[in-house]
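Structure file structure.cif (mmCIF, C-alpha atoms) is printed below.
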data_upload
loop_
_atom_site.label_atom_id
_atom_site.label_comp_id
_atom_site.auth_asym_id
_atom_site.auth_seq_id
_atom_site.Cartn_x
_atom_site.Cartn_y
_atom_site.Cartn_z
CA MET D 267 -2.27 -41.57 8.63
CA THR D 268 -5.18 -39.27 7.75
CA LYS D 269 -8.62 -40.66 8.51
CA PRO D 270 -10.58 -41.20 5.27
CA PHE D 271 -13.50 -38.86 4.57
CA ARG D 272 -17.01 -40.24 4.87
CA TYR D 273 -17.91 -38.61 1.56
CA PRO D 274 -15.71 -37.76 -1.45
CA GLU D 275 -13.54 -34.77 -0.56
CA PRO D 276 -14.57 -32.69 -3.62
CA LEU D 277 -18.20 -33.07 -2.54
CA LEU D 278 -17.37 -31.79 0.94
CA LEU D 279 -15.79 -28.69 -0.62
CA LEU D 280 -19.05 -27.51 -2.16
CA PRO D 281 -20.46 -25.90 1.02
CA TYR D 282 -17.07 -24.25 1.62
CA ILE D 283 -16.95 -22.83 -1.90
CA GLY D 284 -20.54 -21.62 -1.65
CA LYS D 285 -20.03 -19.95 1.71
CA TRP D 286 -16.84 -18.12 0.79
CA THR D 287 -18.10 -17.14 -2.64
CA LEU D 288 -21.02 -15.43 -0.93
CA LEU D 289 -18.87 -13.72 1.71
CA ALA D 290 -16.15 -12.70 -0.75
CA GLY D 291 -18.80 -11.40 -3.16
CA LEU D 292 -20.33 -9.22 -0.46
CA ILE D 293 -16.88 -7.95 0.51
CA ALA D 294 -16.14 -7.17 -3.15
CA VAL D 295 -19.34 -5.15 -3.60
CA LEU D 296 -18.71 -3.16 -0.42
CA SER D 297 -15.01 -2.60 -1.01
CA GLY D 298 -15.23 -2.00 -4.77
CA THR D 299 -18.01 0.56 -4.30
CA ALA D 300 -16.14 2.33 -1.50
CA SER D 301 -12.95 2.44 -3.58
CA ALA D 302 -14.81 3.81 -6.59
CA PHE D 303 -16.34 6.61 -4.51
CA PHE D 304 -12.94 7.31 -2.98
CA LEU D 305 -11.20 7.50 -6.36
CA PHE D 306 -13.84 9.86 -7.75
CA ALA D 307 -13.50 12.06 -4.66
CA LEU D 308 -9.73 11.96 -5.01
CA ASP D 309 -9.91 13.03 -8.66
CA TRP D 310 -12.16 15.94 -7.69
CA ALA D 311 -9.84 17.04 -4.88
CA THR D 312 -6.76 16.79 -7.11
CA ASN D 313 -8.35 18.74 -9.96
CA TRP D 314 -9.56 21.44 -7.58
CA ARG D 315 -6.12 21.79 -6.02
CA GLU D 316 -4.40 22.00 -9.38
CA THR D 317 -6.73 24.79 -10.54
CA HIS D 318 -6.40 26.65 -7.22
CA PRO D 319 -2.71 26.23 -6.28
CA ALA D 320 -2.88 28.88 -3.55
CA ILE D 321 -4.86 26.42 -1.42
CA ILE D 322 -1.52 24.94 -0.36
CA TRP D 323 -1.25 27.74 2.22
CA LEU D 324 -4.27 26.27 3.99
CA LEU D 325 -2.55 22.89 4.35
CA PRO D 326 -1.51 23.59 7.98
CA LEU D 327 -5.16 24.28 8.91
CA ALA D 328 -6.27 21.17 7.04
CA GLY D 329 -3.67 19.16 8.95
CA PHE D 330 -4.92 20.53 12.25
CA ALA D 331 -8.50 19.63 11.29
CA VAL D 332 -7.56 16.06 10.37
CA GLY D 333 -5.55 15.66 13.56
CA TRP D 334 -8.37 17.08 15.71
CA ILE D 335 -11.01 14.82 14.14
CA TYR D 336 -8.87 11.74 14.75
CA LEU D 337 -8.13 12.88 18.30
CA LYS D 338 -11.83 13.26 19.11
CA LEU D 339 -13.36 10.47 17.05
CA GLY D 340 -10.65 8.17 15.76
CA SER D 341 -8.21 7.36 18.54
CA SER D 342 -9.25 3.70 18.44
CA VAL D 343 -8.68 3.40 14.68
CA GLU D 344 -5.67 5.67 14.21
CA ALA D 345 -3.36 2.67 13.74
CA GLY D 346 -4.99 2.10 10.33
CA ASN D 347 -3.46 -0.76 8.37
CA ASN D 348 -1.56 -1.91 11.44
CA LEU D 349 -4.84 -2.32 13.33
CA LEU D 350 -6.14 -4.63 10.60
CA ILE D 351 -2.94 -6.70 10.63
CA ASP D 352 -3.03 -6.94 14.43
CA GLU D 353 -6.65 -8.10 14.36
CA ILE D 354 -5.75 -10.82 11.85
CA HIS D 355 -2.91 -12.06 14.05
CA ASP D 356 -4.80 -11.72 17.35
CA PRO D 357 -8.55 -11.35 16.79
CA LYS D 358 -10.18 -9.32 19.57
CA ASN D 359 -12.78 -6.76 18.58
CA VAL D 360 -14.59 -5.98 15.34
CA VAL D 361 -12.94 -2.99 13.65
CA PRO D 362 -15.12 0.07 14.34
CA LEU D 363 -17.12 1.10 11.28
CA ARG D 364 -16.06 4.72 11.72
CA MET D 365 -12.59 3.83 10.45
CA ALA D 366 -13.91 3.84 6.86
CA PRO D 367 -15.42 7.37 6.74
CA LEU D 368 -12.64 8.82 8.86
CA VAL D 369 -9.81 7.59 6.66
CA LEU D 370 -11.78 8.53 3.54
CA LEU D 371 -12.32 12.08 4.78
CA GLY D 372 -8.78 12.42 6.11
CA THR D 373 -7.21 11.26 2.85
CA VAL D 374 -9.38 13.41 0.58
CA VAL D 375 -8.66 16.47 2.72
CA SER D 376 -4.94 15.67 2.71
CA HIS D 377 -4.90 15.51 -1.09
CA TRP D 378 -7.23 18.46 -1.52
CA PHE D 379 -4.89 20.81 0.31
CA GLY D 380 -1.62 19.39 -1.06
CA ALA D 381 -0.06 16.76 1.22
CA SER D 382 2.17 14.12 -0.35
CA VAL D 383 0.35 10.90 0.54
CA GLY D 384 -0.94 7.85 -1.27
CA ARG D 385 -4.24 6.04 -1.53
CA GLU D 386 -3.71 2.34 -0.85
CA GLY D 387 -3.92 2.79 2.91
CA THR D 388 -7.38 4.29 2.57
CA ALA D 389 -8.69 1.59 0.24
CA VAL D 390 -7.23 -1.22 2.38
CA GLN D 391 -8.64 0.25 5.59
CA MET D 392 -12.07 0.74 4.05
CA GLY D 393 -12.03 -2.77 2.58
CA GLY D 394 -10.97 -4.38 5.85
CA THR D 395 -13.38 -2.33 7.94
CA LEU D 396 -16.41 -3.00 5.74
CA ALA D 397 -15.52 -6.69 5.50
CA ASP D 398 -15.29 -7.00 9.28
CA GLN D 399 -18.84 -5.73 9.68
CA LEU D 400 -19.91 -9.13 8.33
CA THR D 401 -18.42 -10.82 11.40
CA PRO D 402 -21.36 -10.28 13.78
CA ILE D 403 -23.94 -10.64 11.00
CA PHE D 404 -22.76 -14.13 10.05
CA ARG D 405 -21.44 -14.98 13.55
CA LEU D 406 -18.01 -15.83 12.24
CA ARG D 407 -15.41 -17.60 14.34
CA HIS D 408 -11.96 -16.09 14.90
CA SER D 409 -10.43 -18.24 12.16
CA GLU D 410 -13.13 -17.14 9.71
CA ARG D 411 -12.81 -13.51 10.76
CA ARG D 412 -9.12 -13.58 9.92
CA ILE D 413 -9.98 -14.69 6.39
CA VAL D 414 -12.68 -12.03 6.04
CA LEU D 415 -10.21 -9.30 7.02
CA MET D 416 -7.62 -10.62 4.58
CA ALA D 417 -10.21 -10.70 1.81
CA GLY D 418 -11.13 -7.10 2.62
CA ILE D 419 -7.48 -6.05 2.37
CA SER D 420 -7.15 -7.84 -0.97
CA ALA D 421 -10.34 -6.29 -2.31
CA GLY D 422 -9.32 -2.79 -1.30
CA PHE D 423 -5.85 -3.07 -2.82
CA ALA D 424 -7.12 -4.63 -6.04
CA SER D 425 -9.91 -2.13 -6.62
CA VAL D 426 -7.83 0.98 -6.02
CA PHE D 427 -4.99 -0.04 -8.37
CA GLY D 428 -6.80 -2.22 -10.90
CA THR D 429 -4.53 -5.20 -10.17
CA PRO D 430 -6.74 -8.07 -8.97
CA LEU D 431 -4.10 -10.82 -8.84
CA ALA D 432 -1.57 -8.62 -7.08
CA GLY D 433 -4.28 -7.50 -4.68
CA ALA D 434 -5.16 -11.09 -3.81
CA ILE D 435 -1.53 -12.03 -3.14
CA PHE D 436 -0.94 -8.81 -1.20
CA GLY D 437 -3.64 -9.77 1.29
CA LEU D 438 -1.94 -13.14 1.81
CA GLU D 439 1.64 -11.89 1.87
CA VAL D 440 1.58 -8.66 3.87
CA LEU D 441 0.84 -10.22 7.27
CA ALA D 442 4.19 -11.86 7.93
CA ILE D 443 7.61 -11.76 6.33
CA GLY D 444 8.38 -15.10 4.70
CA ARG D 445 4.95 -16.72 4.96
CA LEU D 446 1.70 -16.88 3.00
CA ARG D 447 -1.72 -17.74 4.41
CA TYR D 448 -2.99 -20.34 1.96
CA ASP D 449 -6.15 -20.98 3.97
CA ALA D 450 -7.45 -17.63 2.64
CA ILE D 451 -6.34 -17.96 -0.96
CA PHE D 452 -9.78 -18.68 -2.45
CA PRO D 453 -11.68 -15.89 -0.61
CA CYS D 454 -8.89 -13.38 -1.32
CA MET D 455 -8.85 -14.28 -5.03
CA VAL D 456 -12.63 -14.02 -5.39
CA ALA D 457 -12.83 -10.79 -3.40
CA ALA D 458 -9.96 -9.12 -5.30
CA ILE D 459 -11.14 -10.10 -8.78
CA ALA D 460 -14.76 -9.21 -8.07
CA ALA D 461 -13.89 -5.90 -6.34
CA ASP D 462 -11.88 -4.84 -9.38
CA GLN D 463 -14.88 -5.62 -11.59
CA VAL D 464 -17.20 -3.69 -9.28
CA GLY D 465 -14.93 -0.66 -9.49
CA MET D 466 -14.89 -0.79 -13.27
CA ALA D 467 -18.68 -1.19 -13.30
CA TRP D 468 -18.89 2.12 -11.43
CA GLY D 469 -16.77 3.72 -14.17
CA VAL D 470 -13.33 3.69 -12.55
CA HIS D 471 -10.42 4.07 -14.98
CA HIS D 472 -6.86 3.28 -13.97
CA THR D 473 -3.67 4.90 -15.25
CA HIS D 474 -1.95 3.19 -18.17
CA TYR D 475 1.85 3.09 -18.08
CA ALA D 476 3.40 2.70 -21.52
CA MET D 477 6.14 0.08 -21.46
CA SER D 478 8.38 0.17 -24.51
CA ALA D 479 10.13 -2.88 -25.92
CA ILE D 480 11.92 -4.86 -23.22
CA VAL D 481 15.51 -5.84 -23.87
CA PRO D 482 16.28 -9.55 -24.23
CA VAL D 483 17.59 -11.41 -21.21
CA SER D 484 21.38 -11.38 -21.23
CA PHE D 485 24.25 -11.48 -18.79
CA TRP D 486 24.49 -7.69 -18.70
CA SER D 487 20.79 -7.01 -18.40
CA VAL D 488 20.44 -9.49 -15.52
CA ALA D 489 23.50 -8.09 -13.75
CA ALA D 490 22.18 -4.54 -14.18
CA VAL D 491 18.78 -5.48 -12.79
CA LEU D 492 20.40 -7.15 -9.79
CA VAL D 493 22.36 -3.96 -9.06
CA ALA D 494 19.20 -1.90 -9.46
CA GLY D 495 17.36 -4.26 -7.12
CA VAL D 496 19.92 -3.59 -4.39
CA VAL D 497 19.42 0.17 -4.78
CA PHE D 498 15.64 -0.21 -4.81
CA GLY D 499 15.71 -2.31 -1.65
CA LEU D 500 17.89 0.20 0.19
CA ALA D 501 15.54 2.98 -0.92
CA GLY D 502 12.53 1.06 0.40
CA MET D 503 14.25 0.42 3.73
CA ALA D 504 15.29 4.08 4.02
CA PHE D 505 11.73 5.21 3.33
CA ALA D 506 10.19 2.91 5.94
CA LYS D 507 12.72 3.83 8.61
CA SER D 508 12.52 7.55 7.84
CA THR D 509 8.73 7.58 8.02
CA HIS D 510 8.73 5.74 11.36
CA ALA D 511 11.49 8.00 12.70
CA ALA D 512 9.65 11.16 11.66
CA SER D 513 6.45 9.94 13.29
CA ALA D 514 8.26 9.02 16.50
CA PHE D 515 10.05 12.39 16.57
CA MET D 516 6.78 14.31 16.20
CA LYS D 517 5.05 12.27 18.91
CA ARG D 518 7.99 12.66 21.27
CA HIS D 519 8.29 16.43 20.92
CA ILE D 520 4.68 17.51 20.24
CA ALA D 521 2.21 16.17 22.77
CA TYR D 522 -0.97 17.66 21.25
CA ALA D 523 -1.73 15.49 18.24
CA PRO D 524 -3.45 18.08 15.97
CA LEU D 525 -0.35 20.28 16.07
CA ARG D 526 1.77 17.59 14.40
CA PRO D 527 0.10 17.66 10.95
CA MET D 528 -0.28 21.41 11.32
CA ILE D 529 3.49 21.83 11.62
CA GLY D 530 4.09 19.22 8.91
CA GLY D 531 1.63 21.03 6.65
CA ALA D 532 3.46 24.31 7.20
CA LEU D 533 6.77 22.70 6.23
CA VAL D 534 5.26 21.17 3.09
CA ALA D 535 3.60 24.47 2.12
CA LEU D 536 6.90 26.34 2.47
CA ALA D 537 8.68 23.67 0.44
CA VAL D 538 6.05 23.97 -2.32
CA TRP D 539 6.55 27.75 -2.36
CA TRP D 540 10.27 27.12 -2.88
CA LEU D 541 10.27 24.06 -5.17
CA GLY D 542 6.83 24.03 -6.81
CA THR D 543 4.05 21.44 -6.81
CA ARG D 544 5.94 18.57 -8.44
CA TYR D 545 6.22 16.52 -5.25
CA ILE D 546 2.73 16.79 -3.74
CA GLY D 547 -0.37 14.68 -4.21
CA LEU D 548 -0.18 11.30 -5.89
CA GLY D 549 2.28 12.47 -8.52
CA ILE D 550 0.81 10.30 -11.30
CA PRO D 551 1.86 12.69 -14.13
CA VAL D 552 5.50 12.50 -13.01
CA ILE D 553 5.33 8.70 -12.82
CA VAL D 554 3.98 8.58 -16.39
CA GLU D 555 6.72 10.98 -17.46
CA ALA D 556 9.39 8.71 -15.96
CA PHE D 557 8.31 5.97 -18.39
CA ARG D 558 8.66 8.24 -21.43
CA GLN D 559 11.71 10.43 -20.99
CA PRO D 560 14.50 11.38 -18.59
CA VAL D 561 13.38 13.21 -15.46
CA ALA D 562 15.42 15.17 -12.94
CA PRO D 563 17.73 12.72 -11.10
CA TRP D 564 16.71 14.25 -7.76
CA ASP D 565 12.97 13.76 -8.23
CA PHE D 566 12.95 10.62 -6.10
CA LEU D 567 14.59 12.51 -3.24
CA GLY D 568 12.01 15.30 -3.50
CA LYS D 569 9.08 12.91 -3.29
CA PHE D 570 10.83 10.99 -0.53
CA ALA D 571 11.20 14.11 1.64
CA PHE D 572 7.69 15.46 0.97
CA THR D 573 6.08 12.10 1.76
CA VAL D 574 8.07 11.49 4.93
CA ALA D 575 7.11 14.98 6.15
CA SER D 576 3.44 14.43 5.31
CA LEU D 577 2.98 10.90 6.66
CA GLY D 578 5.37 11.35 9.56
CA SER D 579 3.44 14.37 10.81
CA GLY D 580 0.08 12.61 10.67
CA PHE D 581 -1.61 13.21 7.32
CA LYS D 582 -3.75 10.30 6.11
CA GLY D 583 -3.51 8.31 2.89
CA GLY D 584 -0.93 5.66 2.30
CA GLU D 585 2.65 4.97 1.32
CA VAL D 586 2.34 2.87 -1.82
CA THR D 587 1.70 5.42 -4.58
CA PRO D 588 4.51 7.67 -3.27
CA LEU D 589 6.70 4.54 -3.30
CA PHE D 590 5.70 4.01 -6.95
CA TYR D 591 6.79 7.60 -7.66
CA ILE D 592 10.07 7.19 -5.78
CA GLY D 593 10.80 3.89 -7.51
CA ALA D 594 9.90 5.02 -11.02
CA THR D 595 11.97 8.20 -10.83
CA LEU D 596 14.88 6.41 -9.14
CA GLY D 597 14.81 3.77 -11.88
CA ASN D 598 14.72 6.53 -14.47
CA ALA D 599 17.82 8.08 -12.90
CA LEU D 600 19.64 4.73 -12.88
CA ALA D 601 18.84 3.91 -16.51
CA PRO D 602 21.78 5.78 -18.11
CA LEU D 603 24.21 4.37 -15.55
CA LEU D 604 23.07 0.78 -16.11
CA GLN D 605 22.56 1.19 -19.86
CA LEU D 606 18.96 -0.02 -19.84
CA PRO D 607 15.84 1.67 -21.24
CA PHE D 608 14.17 4.37 -19.13
CA ALA D 609 10.79 2.66 -19.25
CA LEU D 610 12.16 -0.72 -18.16
CA LEU D 611 13.98 0.60 -15.10
CA ALA D 612 11.13 2.97 -14.25
CA GLY D 613 8.77 -0.01 -14.25
CA LEU D 614 11.12 -2.13 -12.17
CA GLY D 615 11.65 0.67 -9.67
CA PHE D 616 7.89 1.24 -9.55
CA VAL D 617 7.30 -2.25 -8.11
CA ALA D 618 10.65 -3.09 -6.49
CA VAL D 619 10.86 -0.16 -4.06
CA PHE D 620 7.34 -1.09 -2.95
CA ALA D 621 8.42 -4.75 -2.65
CA GLY D 622 11.28 -3.75 -0.37
CA ALA D 623 9.33 -1.30 1.77
CA ALA D 624 6.29 -3.56 2.22
CA ASN D 625 8.12 -6.93 2.16
CA THR D 626 5.79 -8.22 -0.55
CA PRO D 627 7.96 -9.47 -3.46
CA LEU D 628 5.37 -11.85 -4.93
CA ALA D 629 2.53 -9.32 -5.01
CA SER D 630 4.89 -6.73 -6.49
CA THR D 631 6.09 -9.08 -9.22
CA ILE D 632 2.53 -9.95 -10.18
CA MET D 633 1.62 -6.27 -10.17
CA ALA D 634 4.42 -5.61 -12.67
CA ILE D 635 3.04 -8.28 -14.99
CA GLU D 636 -0.52 -6.93 -14.68
CA LEU D 637 0.51 -3.33 -15.30
CA PHE D 638 3.35 -3.69 -17.80
CA GLY D 639 2.83 -7.04 -19.50
CA PRO D 640 4.22 -10.56 -19.10
CA GLN D 641 7.54 -9.85 -20.81
CA ILE D 642 8.75 -7.87 -17.80
CA GLY D 643 8.13 -10.86 -15.52
CA PRO D 644 11.70 -12.27 -15.24
CA TYR D 645 13.22 -8.85 -14.64
CA ALA D 646 10.48 -7.84 -12.18
CA ALA D 647 10.93 -11.06 -10.21
CA LEU D 648 14.68 -10.49 -9.90
CA ALA D 649 14.36 -6.83 -8.96
CA CYS D 650 11.58 -7.41 -6.41
CA VAL D 651 13.25 -10.37 -4.72
CA VAL D 652 16.61 -8.60 -4.44
CA ALA D 653 14.91 -5.44 -3.16
CA TYR D 654 13.02 -7.56 -0.63
CA LEU D 655 16.27 -9.11 0.62
CA PHE D 656 18.17 -5.84 0.85
CA SER D 657 15.41 -3.93 2.64
CA GLY D 658 16.14 -5.82 5.84
CA HIS D 659 13.46 -6.85 8.31
CA SER D 660 11.96 -3.39 8.63
CA GLY D 661 8.93 -2.24 6.67
CA ILE D 662 6.20 0.35 6.34
CA TYR D 663 3.77 -1.79 8.37
CA ARG D 664 4.86 -2.00 12.00
CA SER D 665 2.46 -4.85 12.80
CA GLN D 666 3.93 -7.08 10.11
CA ARG D 667 5.56 -10.04 11.81
CA VAL D 668 8.53 -12.19 10.94
CA GLY D 669 7.34 -15.61 9.82
CA LEU D 670 10.72 -16.73 8.48
CA LEU D 671 13.97 -14.82 8.33
CA LYS D 672 14.93 -13.53 4.90
CA HIS D 673 18.41 -14.90 5.54
CA ARG D 674 20.46 -16.12 8.47
CA LEU D 675 22.79 -13.11 8.72
CA PRO D 676 22.37 -10.82 10.52
CA PRO D 677 19.84 -11.82 13.20
CA VAL D 678 16.55 -9.96 13.35
CA ALA D 679 16.50 -6.94 15.60
CA ARG D 680 15.12 -7.57 19.06
CA ASP D 681 12.25 -5.09 18.73
CA ARG D 682 10.59 -7.08 15.93
CA LYS D 683 7.55 -9.12 16.85
CA PRO D 684 7.95 -12.90 17.24
CA PRO D 685 7.36 -15.28 14.34
CA LEU D 686 3.77 -15.99 13.43
CA SER D 687 2.60 -19.26 14.92
#
Rewrite the coordinates I just gave you, this time as structure tokens.
Amino acid sequence: MTKPFRYPEPLLLLPYIGKWTLLAGLIAVLSGTASAFFLFALDWATNWRETHPAIIWLLPLAGFAVGWIYLKLGSSVEAGNNLLIDEIHDPKNVVPLRMAPLVLLGTVVSHWFGASVGREGTAVQMGGTLADQLTPIFRLRHSERRIVLMAGISAGFASVFGTPLAGAIFGLEVLAIGRLRYDAIFPCMVAAIAADQVGMAWGVHHTHYAMSAIVPVSFWSVAAVLVAGVVFGLAGMAFAKSTHAASAFMKRHIAYAPLRPMIGGALVALAVWWLGTRYIGLGIPVIVEAFRQPVAPWDFLGKFAFTVASLGSGFKGGEVTPLFYIGATLGNALAPLLQLPFALLAGLGFVAVFAGAANTPLASTIMAIELFGPQIGPYAALACVVAYLFSGHSGIYRSQRVGLLKHRLPPVARDRKPPLS
């Protein structure tokens, strides 16, 4: 039986609430400001590239530069998101501050010259890095440092996408398959909501995706969404495994790290010369298009290949926005086959492929509601959960552990890390 508190429990919570409101608020200011600067820099780089398309031929040199800088200055932080997740599981050393400017520079350069990468990785790494700098200042214990890092991840995700609730849940959900860290729920919520507000205060504007009328729930619509969820999950699993395989192949066959993104950049530049610029950068215009009208049924494959080549060879950025592109265009291609509206399946693919690849079905479902409205909630939940199940126990984050198996058949592969204690 639990020993009774000396004072009323709600009264004892006041110092806790005050402490974590202060820490989460500081994290939000740091992360939201960093994300705002990053997004403005990203807009500049994208606009410059689009008005000077010939810059794509310099992508191999840009890749070499990014690889060389990380070789000389960033070997200890090259693991990126995986380093943050590892530090949450097994706290050792404060994340070096240089991770933030390095990933910012590497991502902006990657986009400037035409690589197909995302942006969430940069925002999450900056948020986690800046948050961890509070550890020595406030002399935080390991258990408190874990929460600070999780709040930084939540703040970075929320401020770069404009989805505060999804950002908060992402920071709790991404660490281990099948488990949430409820001890960090208050700091993550405060940090994510406040970081989003900080970004908007700096003038950040997020893309609006027009969702047309959603069909009523029926036997056919539910069955169609379940089928789509299977496809989305398999796509997410294929993306994660392909990216890891490409990275391993490059490391195995090319010993000198700067040559990897140089070769990858050359391949992407040649592909752009052949196919055009539709599959480079963030690809936001194509995602918006997928909500409005039919797009080429092979667009998801194009973005898939360009992103695997870019990330697998060592360019910096993230996987999530390319996953949004892959999911939205794949959903668009499935719409005629499943007899559902283009916008509905584009929206479901947008979040469900990400749910499968990152193993974050709850954050992805909430993101759908925040971006597309509450009416999509039942369909988004079904699609994200099914995609999560069918993506297996692999994922885009290698340091993500298995807290609980998704199902009992088949057993988890031996090379996965043990369950989180």
- Task: Select, counting all atoms listed in the file, all protein, DNA and RNA residues no farther than 8 Å from (-5.2, -3.8, 8.6) in file coordinates, and express the selection as a PyMOL selection string.
- Result: chain D and resi 346-354+390-391+394+415+419
- Given the file shown, enumerate the residues that the PyMOL selection byres ((chain D and resi 659) around 9) captures and present them as JSON, numbers by chain. {"D": [443, 503, 625, 654, 655, 656, 657, 658, 660, 661, 668, 671, 672, 678, 679, 682]}
For the selection you just gave me, I'd like the residues written to a file as a PDB file, keeping the file's coordinate frame, keeping C-alpha atoms.
ATOM      1  CA  ILE D 443       7.610 -11.760   6.330  1.00  0.00           C
ATOM      2  CA  MET D 503      14.250   0.420   3.730  1.00  0.00           C
ATOM      3  CA  ASN D 625       8.120  -6.930   2.160  1.00  0.00           C
ATOM      4  CA  TYR D 654      13.020  -7.560  -0.630  1.00  0.00           C
ATOM      5  CA  LEU D 655      16.270  -9.110   0.620  1.00  0.00           C
ATOM      6  CA  PHE D 656      18.170  -5.840   0.850  1.00  0.00           C
ATOM      7  CA  SER D 657      15.410  -3.930   2.640  1.00  0.00           C
ATOM      8  CA  GLY D 658      16.140  -5.820   5.840  1.00  0.00           C
ATOM      9  CA  SER D 660      11.960  -3.390   8.630  1.00  0.00           C
ATOM     10  CA  GLY D 661       8.930  -2.240   6.670  1.00  0.00           C
ATOM     11  CA  VAL D 668       8.530 -12.190  10.940  1.00  0.00           C
ATOM     12  CA  LEU D 671      13.970 -14.820   8.330  1.00  0.00           C
ATOM     13  CA  LYS D 672      14.930 -13.530   4.900  1.00  0.00           C
ATOM     14  CA  VAL D 678      16.550  -9.960  13.350  1.00  0.00           C
ATOM     15  CA  ALA D 679      16.500  -6.940  15.600  1.00  0.00           C
ATOM     16  CA  ARG D 682      10.590  -7.080  15.930  1.00  0.00           C
TER      17      ARG D 682
END
- Task: Name the residues that the PyMOL selection byres ((chain D and resi 447-460) around 10) picks from the file above, as a PyMOL selection string, using the file's chain letters and numbers.
- Result: chain D and resi 283+285-295+297-298+409-410+412-425+428-442+445-446+461-466
- Task: Kindly indicate which residue among D:Val493, D:Ala389, D:Leu648, D:Val375 lies nearest to Gly547 in chain D, using only C-alpha atoms for the distances.
- Result: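 Closest candidate: D:Val375.
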- Could you expand the PyMOL selection byres ((chain D and resi 580-588) around 7) into the explicit residues it covers here, written as a list of chain:residue names?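 That selection, the PyMOL selection byres ((chain D and resi 580-588) around 7), comes back as D:Gly329, D:Val369, D:Gly372, D:Thr373, D:Ser376, D:Val383, D:Gly384, D:Arg385, D:Glu386, D:Gly387, D:Thr388, D:Arg526, D:Pro527, D:Leu548, D:Lys569, D:Thr573, D:Ser576, D:Leu577, D:Gly578, D:Ser579, D:Leu589, D:Phe590, D:Tyr591, D:Ile592, D:Phe620.
In terms of minimum interatomic distance to Pro627 in chain D, D:Gly495 ranks closest within D:Gly495, D:Ala512, D:Leu610, D:His673, counting all atoms listed in the file.
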- Ala479 in chain D proximity check over D:Gln641, D:Gln399, D:Gln605, D:Thr543, using all atoms listed in the file: winner is D:Gln641
- Message: Using only C-alpha atoms, can you tell me which of D:Ala300, D:Leu327, D:Val426, D:Met528 comes closest to Ala397 in chain D?
- Response: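 Checking each candidate against Ala397 in chain D, we get D:Ala300 as the closest.
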- Query: Which of these residues is nearest to Val561 in chain D, using only C-alpha atoms: D:Phe608, D:Trp486, D:Trp314, D:Phe427?
  - Reply: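 For Val561 in chain D, the nearest of the candidates is D:Phe608.
When only C-alpha atoms are used to measure the gap to Lys338 in chain D, the shortest distance among D:Val491, D:Val483, D:Ala311, D:Ala523 belongs to D:Ala523.
Coordinates place CA of Phe566 in chain D at a distance of 5.4 Å from CA of Thr595 in chain D.
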- Item | Near-Ile546 in chain D list (6 Å; only C-alpha atoms; drop same-chain fewer than 4 positions) as a list in words |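 Here the answer would be Gly380, Ala381 and Ser382 of chain D.
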